[in-house]
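Enquirer: Please find one structure pasted underneath; my questions will follow.
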Amino acid sequence: MTDAPNSQALYERAKKVMPAGNTRHTVYRQPYQVYAAKGDGCRITDVDGTVRIDATGNFTSLIHGYGNPRIREAAIRQIELGTCFGMPTPGEVTLSEMLVERLPAVEQVRYCNSGTEAVMNAIKVARAYTGRRMIAKVEGAYHGTYDPAETSQDASPDSWGDPDAPTPVATARGTPQGVLDDVAIIPFNDIERAERILRAKGNDLAAVLVDVMPNRAGLVPASDAFLAMLRRVTKEMGALLILDEVITFRLGYHGAQGRFGVDPDLTALGKVIGGGFAVGAIAGKADYMSVYDPSGGKAAVQHGGTFSANPVTMMAGIAALEELTPASFEHLESLGDRFAAGATACFQRHGIKAQVTGLGSLRRIHMTDAPLSDFRSLFANPDAVKHVGALARAVFDEGVLMAANGLMAFSTPMTDADIDEILTAFDRALPRLG
Ligand SMILES: *Cc1c(COP(=O)(O)O)cnc(C)c1O
């Protein structure tokens, strides 16, 4: 890594007041963290003046990159009016109307401040509505850090157990066994096994939580048949289907649910819909959302949140959605396709066994040519994970920021030339991997 004295000095200070100098494991890097100073379009300048092209967009949330004029104006105008009030504001009504208009399975919306909270709230709604205790989720899928939702997100061959009945594995040490007992783990895209596991939970199952393209399970799209099974079985069992669109909302104008043709009962949202500010939203059919209704007495689920639906986020979110037109989705799609084709050719040129998964503006690199279908298949080549981390570090030195697990997210200000610049960085970095 090239010398970055200003970052190094910050990191020395940080280590004294933050564990390992860090507050997000996802951005931790050694030997020291590199600190961002400013962003412009699809580029970030660090505190030592080095400019890199940003291929993560703050982990997929900045679909319009930095300094989009419309978003900036909307946020600044609201800051002048007031950043938060102990009253609702008009923006939350407008943003909800826009989400309802776009997402076919969404009739009503409530806000929180993160995707973690959105998933947590969706689970609470499902439990309150059904009066049941269990949820089911896909092995290896990331849904934020609420205890049941994070179960088995980093299961490993020595802990995950029988594929016919995967073991619910705690992510944080000290997670109560009672939490794990209330989570059923299903294998991704394995229709028969997943259906058998769900049916065995009978009247205990409140909801199935699923992401149509779970990043941590490989960023492989769900099959239509798998999603159809989940919809059919949850309906038959009287359980709710929760779609986690925190990341996949950016797959199309009508969200992942539109693109994949799924009709979930509840949808968890976050990231893109806040226009670059902290956000989460729990959305869905009015019947289920009625557990929040306090008009007839105490609501079945309590929900406040000091900064929920804060007006700066709402106004920035409205502007971000206004900028997300059908044409911008076409542009994002072509950027993603250009990257995937270019990266695949690049790996071939260098004789490196690797592949690109994902769709649209979301892509992930895997340093293996073994077929990837689900979380367990990622472990078929244990070195692949290590190698993609090395690739991320190498392209960072070549001027590209990507996630350490190989995830890339493209943004509307990018052009074909920016994608080609990323590919050139790969070309330079690959021979150095050894
Ligand atoms: C990022 C993410 C979350 C959590 O969102 P935060 O805002 O980081 O809490 C949940 N689910 C998925 C699929 C995500 O990608």
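By order in the structure tokens, chains are A, B, ...; within a chain, residues start at 1; ligands start at 1, following the order shown.
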Hey, what's within 12 Å of Ala228 of chain A if we count only C-alpha atoms and toss same-chain stuff fewer than 6 positions away? As a PDB file with N, CA and C atoms, in the first residue's frame, please?

Expert:
ATOM      1  N   ASN A 189     -32.299 -21.738  -2.795  1.00  0.00           N
ATOM      2  CA  ASN A 189     -32.599 -22.340  -4.105  1.00  0.00           C
ATOM      3  C   ASN A 189     -32.749 -23.862  -4.069  1.00  0.00           C
ATOM      4  N   ILE A 191     -35.341 -26.261  -3.373  1.00  0.00           N
ATOM      5  CA  ILE A 191     -36.782 -26.219  -3.155  1.00  0.00           C
ATOM      6  C   ILE A 191     -37.257 -27.336  -2.237  1.00  0.00           C
ATOM      7  N   GLU A 195     -38.620 -26.653   1.530  1.00  0.00           N
ATOM      8  CA  GLU A 195     -40.054 -26.867   1.800  1.00  0.00           C
ATOM      9  C   GLU A 195     -40.243 -27.830   2.971  1.00  0.00           C
ATOM     10  N   VAL A 212     -33.920 -11.849  -2.638  1.00  0.00           N
ATOM     11  CA  VAL A 212     -33.918 -12.556  -3.933  1.00  0.00           C
ATOM     12  C   VAL A 212     -32.505 -12.760  -4.488  1.00  0.00           C
ATOM     13  N   ALA A 222     -32.204 -15.813  -6.872  1.00  0.00           N
ATOM     14  CA  ALA A 222     -33.117 -16.902  -6.531  1.00  0.00           C
ATOM     15  C   ALA A 222     -33.788 -17.390  -7.800  1.00  0.00           C
ATOM     16  N   THR A 234     -45.734 -20.489   2.426  1.00  0.00           N
ATOM     17  CA  THR A 234     -46.069 -19.563   3.517  1.00  0.00           C
ATOM     18  C   THR A 234     -47.576 -19.333   3.548  1.00  0.00           C
ATOM     19  N   LYS A 235     -48.169 -19.175   2.372  1.00  0.00           N
ATOM     20  CA  LYS A 235     -49.620 -18.942   2.313  1.00  0.00           C
ATOM     21  C   LYS A 235     -50.367 -20.128   2.930  1.00  0.00           C
ATOM     22  N   LEU A 241     -44.581 -13.821   4.168  1.00  0.00           N
ATOM     23  CA  LEU A 241     -43.351 -13.794   3.374  1.00  0.00           C
ATOM     24  C   LEU A 241     -42.779 -12.382   3.447  1.00  0.00           C
ATOM     25  N   PHE A 260     -38.473  -9.773 -10.093  1.00  0.00           N
ATOM     26  CA  PHE A 260     -38.570 -11.228  -9.884  1.00  0.00           C
ATOM     27  C   PHE A 260     -40.016 -11.717  -9.861  1.00  0.00           C
ATOM     28  N   GLY A 261     -40.971 -10.788  -9.895  1.00  0.00           N
ATOM     29  CA  GLY A 261     -42.367 -11.208  -9.872  1.00  0.00           C
ATOM     30  C   GLY A 261     -42.786 -11.891  -8.582  1.00  0.00           C
ATOM     31  N   VAL A 262     -42.271 -11.394  -7.450  1.00  0.00           N
ATOM     32  CA  VAL A 262     -42.662 -11.953  -6.143  1.00  0.00           C
ATOM     33  C   VAL A 262     -43.717 -11.043  -5.532  1.00  0.00           C
ATOM     34  N   ASP A 263     -44.612 -11.631  -4.757  1.00  0.00           N
ATOM     35  CA  ASP A 263     -45.656 -10.847  -4.093  1.00  0.00           C
ATOM     36  C   ASP A 263     -45.541 -11.039  -2.580  1.00  0.00           C
ATOM     37  N   PRO A 264     -44.566 -10.363  -1.953  1.00  0.00           N
ATOM     38  CA  PRO A 264     -44.368 -10.567  -0.510  1.00  0.00           C
ATOM     39  C   PRO A 264     -45.456  -9.878   0.309  1.00  0.00           C
TER      40      PRO A 264
END

Enquirer: Hey, which residues sit close to ligand 1? Say within 8 Å, counting only C-alpha atoms and all ligand atoms, and write them as a list in words.

Expert: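 Listed by chain and ascending number, the contacts are Phe59, Thr60, Asn113, Ser114, Gly115, Thr116, Glu117, Ala118, Val119, Ala141, Tyr142, His143, Gly144, Thr145, Asp211, Pro214, Asn215, Asp244, Glu245, Val246, Ile247, Thr248, Ala268, Gly270, Lys271, Ala278, Val279 and Gly280 of chain A.
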
Enquirer: For segment 15-24 of chain A, find every residue with an atom within 12 Å (counting only C-alpha atoms), except residues of its own chain fewer than 6 positions away, and show them as a ChimeraX atom specification.

Expert: /A:7-9,30-35,58-59

Enquirer: Neighbours of Thr130 of chain A within 12 Å (only C-alpha atoms; same-chain residues fewer than 2 positions away dropped), as a VMD selection string?

Expert: chain A and resid 123 to 128 132 to 135 203 to 207 234 to 235 237 to 241 287 to 288 291 300

Enquirer: Could you give me, as a list in words, the residues within 12 Å of Glu73 of chain A, counting only C-alpha atoms and dropping anything in the same chain fewer than 4 positions from it?

Expert: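 Everything that qualifies: Gly67, Asn68, Pro69, Arg77, Gln78, Ile79, Glu80, Gly275, Val312, Met315, Ala316, Gly317, Ile318, Ala319 and Ala320 of chain A.
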
Enquirer: Run DSSP on the backbone and give me the residues of segment 203-245 of chain A it puts in alpha helix (DSSP H), as a VMD selection string.

Expert: chain A and resid 224 to 237

Enquirer: Rank nothing, just name the residue among A:Gly358, A:Gly305, A:Pro148, A:Pro90 nearest to Asp181 of chain A, using only C-alpha atoms.

Expert: A:Pro148

Enquirer: Here is a test: counting only C-alpha atoms, which residue of A:Pro168, A:Gly351, A:Gly49, A:Gly65 is nearest to Leu430 of chain A?

Expert: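 Closest to Leu430 of chain A, using only C-alpha atoms: A:Gly351.
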
Enquirer: Quick check for you: according to DSSP on this backbone, which residues of segment 11-225 of chain A are classed as strand (DSSP E or B)? Reply as a VMD selection string.

Expert: chain A and resid 36 to 41 43 to 46 51 to 54 66 108 to 112 134 to 138 183 to 186 205 to 210

Enquirer: Have a look at A:Gly202, A:Pro5, A:Gly342, A:Gly91 and name the one nearest to Asp48 of chain A; count only C-alpha atoms.

Expert: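 Going through A:Gly202, A:Pro5, A:Gly342, A:Gly91 one by one, the smallest distance to Asp48 of chain A is for A:Pro5.
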
Enquirer: If we count only C-alpha atoms, what is near Met87 of chain A at a cut-off of 12 Å, once residues fewer than 3 positions away on the same chain are taken out, given as an NGL selection string?

Expert: :A and (82-84 or 90-92 or 304 or 306-311)

Enquirer: Name all residues at most 9 Å from Gly218 of chain A (count only C-alpha atoms; drop same-chain ones fewer than 5 positions away) and give them as a PyMOL selection string.

Expert: chain A and resi 140-141+213+357-358+364+366+372-375+377-378

Enquirer: Mind writing the picked residues with all heavy atoms as an mmCIF file, in the first residue's frame?

Expert:
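Result saved to part_35.cif:
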data_model
loop_
_atom_site.group_PDB
_atom_site.id
_atom_site.type_symbol
_atom_site.label_atom_id
_atom_site.label_comp_id
_atom_site.auth_asym_id
_atom_site.auth_seq_id
_atom_site.Cartn_x
_atom_site.Cartn_y
_atom_site.Cartn_z
ATOM 1 N N GLY A 140 -26.559 -18.287 5.496
ATOM 2 C CA GLY A 140 -25.532 -17.395 4.956
ATOM 3 C C GLY A 140 -26.016 -16.021 4.544
ATOM 4 O O GLY A 140 -25.211 -15.142 4.260
ATOM 5 N N ALA A 141 -27.336 -15.822 4.498
ATOM 6 C CA ALA A 141 -27.852 -14.527 4.034
ATOM 7 C C ALA A 141 -27.685 -13.461 5.117
ATOM 8 O O ALA A 141 -27.873 -13.733 6.301
ATOM 9 C CB ALA A 141 -29.323 -14.652 3.643
ATOM 10 N N MET A 213 -31.538 -12.011 -3.945
ATOM 11 C CA MET A 213 -30.159 -12.185 -4.429
ATOM 12 C C MET A 213 -29.209 -11.888 -3.262
ATOM 13 O O MET A 213 -28.587 -10.835 -3.208
ATOM 14 C CB MET A 213 -29.899 -11.249 -5.618
ATOM 15 C CG MET A 213 -28.718 -11.662 -6.454
ATOM 16 S SD MET A 213 -28.640 -10.745 -8.012
ATOM 17 C CE MET A 213 -28.038 -9.149 -7.478
ATOM 18 N N THR A 357 -20.819 -12.888 -10.346
ATOM 19 C CA THR A 357 -22.248 -13.174 -10.146
ATOM 20 C C THR A 357 -22.990 -11.848 -10.012
ATOM 21 O O THR A 357 -22.388 -10.779 -9.968
ATOM 22 C CB THR A 357 -22.492 -14.041 -8.891
ATOM 23 O OG1 THR A 357 -21.947 -13.366 -7.753
ATOM 24 C CG2 THR A 357 -21.860 -15.413 -9.025
ATOM 25 N N GLY A 358 -24.321 -11.927 -9.930
ATOM 26 C CA GLY A 358 -25.124 -10.726 -9.717
ATOM 27 C C GLY A 358 -25.914 -10.334 -10.946
ATOM 28 O O GLY A 358 -25.881 -11.009 -11.985
ATOM 29 N N ARG A 364 -20.704 -9.345 -8.023
ATOM 30 C CA ARG A 364 -19.727 -9.815 -7.056
ATOM 31 C C ARG A 364 -18.723 -10.730 -7.741
ATOM 32 O O ARG A 364 -19.093 -11.582 -8.539
ATOM 33 C CB ARG A 364 -20.438 -10.552 -5.908
ATOM 34 C CG ARG A 364 -19.484 -10.956 -4.818
ATOM 35 C CD ARG A 364 -20.186 -11.507 -3.588
ATOM 36 N NE ARG A 364 -19.209 -12.228 -2.783
ATOM 37 C CZ ARG A 364 -19.487 -12.945 -1.710
ATOM 38 N NH1 ARG A 364 -20.728 -13.031 -1.278
ATOM 39 N NH2 ARG A 364 -18.537 -13.575 -1.044
ATOM 40 N N HIS A 366 -15.914 -13.668 -7.585
ATOM 41 C CA HIS A 366 -15.496 -14.855 -6.820
ATOM 42 C C HIS A 366 -14.267 -15.426 -7.501
ATOM 43 O O HIS A 366 -14.266 -15.629 -8.715
ATOM 44 C CB HIS A 366 -16.593 -15.922 -6.832
ATOM 45 C CG HIS A 366 -17.904 -15.440 -6.288
ATOM 46 N ND1 HIS A 366 -18.221 -15.509 -4.958
ATOM 47 C CD2 HIS A 366 -18.964 -14.879 -6.903
ATOM 48 C CE1 HIS A 366 -19.444 -15.011 -4.780
ATOM 49 N NE2 HIS A 366 -19.910 -14.619 -5.940
ATOM 50 N N LEU A 372 -21.503 -21.863 -8.372
ATOM 51 C CA LEU A 372 -21.981 -21.309 -7.107
ATOM 52 C C LEU A 372 -23.496 -21.326 -7.122
ATOM 53 O O LEU A 372 -24.119 -20.799 -8.040
ATOM 54 C CB LEU A 372 -21.486 -19.874 -6.938
ATOM 55 C CG LEU A 372 -19.967 -19.697 -6.884
ATOM 56 C CD1 LEU A 372 -19.615 -18.216 -6.842
ATOM 57 C CD2 LEU A 372 -19.395 -20.411 -5.670
ATOM 58 N N SER A 373 -24.070 -21.927 -6.103
ATOM 59 C CA SER A 373 -25.526 -22.012 -6.064
ATOM 60 C C SER A 373 -26.072 -21.480 -4.753
ATOM 61 O O SER A 373 -27.175 -20.944 -4.696
ATOM 62 C CB SER A 373 -25.967 -23.463 -6.245
ATOM 63 O OG SER A 373 -25.258 -24.281 -5.317
ATOM 64 N N ASP A 374 -25.319 -21.617 -3.682
ATOM 65 C CA ASP A 374 -25.797 -21.227 -2.354
ATOM 66 C C ASP A 374 -24.590 -20.978 -1.456
ATOM 67 O O ASP A 374 -23.448 -21.054 -1.903
ATOM 68 C CB ASP A 374 -26.710 -22.316 -1.771
ATOM 69 C CG ASP A 374 -25.960 -23.633 -1.555
ATOM 70 O OD1 ASP A 374 -24.737 -23.691 -1.817
ATOM 71 O OD2 ASP A 374 -26.606 -24.604 -1.141
ATOM 72 N N PHE A 375 -24.851 -20.712 -0.181
ATOM 73 C CA PHE A 375 -23.789 -20.368 0.765
ATOM 74 C C PHE A 375 -22.754 -21.488 0.884
ATOM 75 O O PHE A 375 -21.553 -21.243 0.878
ATOM 76 C CB PHE A 375 -24.434 -20.071 2.118
ATOM 77 C CG PHE A 375 -23.476 -19.597 3.174
ATOM 78 C CD1 PHE A 375 -22.789 -18.406 3.028
ATOM 79 C CD2 PHE A 375 -23.278 -20.335 4.330
ATOM 80 C CE1 PHE A 375 -21.917 -17.946 4.010
ATOM 81 C CE2 PHE A 375 -22.410 -19.894 5.330
ATOM 82 C CZ PHE A 375 -21.735 -18.703 5.159
ATOM 83 N N SER A 377 -21.842 -23.685 -1.211
ATOM 84 C CA SER A 377 -21.000 -23.855 -2.386
ATOM 85 C C SER A 377 -19.836 -22.855 -2.396
ATOM 86 O O SER A 377 -18.825 -23.077 -3.062
ATOM 87 C CB SER A 377 -21.831 -23.739 -3.670
ATOM 88 O OG SER A 377 -22.337 -22.435 -3.834
ATOM 89 N N LEU A 378 -19.966 -21.760 -1.637
ATOM 90 C CA LEU A 378 -18.868 -20.784 -1.553
ATOM 91 C C LEU A 378 -17.647 -21.393 -0.861
ATOM 92 O O LEU A 378 -16.533 -20.918 -1.018
ATOM 93 C CB LEU A 378 -19.282 -19.539 -0.754
ATOM 94 C CG LEU A 378 -20.398 -18.648 -1.271
ATOM 95 C CD1 LEU A 378 -20.556 -17.443 -0.360
ATOM 96 C CD2 LEU A 378 -20.098 -18.185 -2.681
#
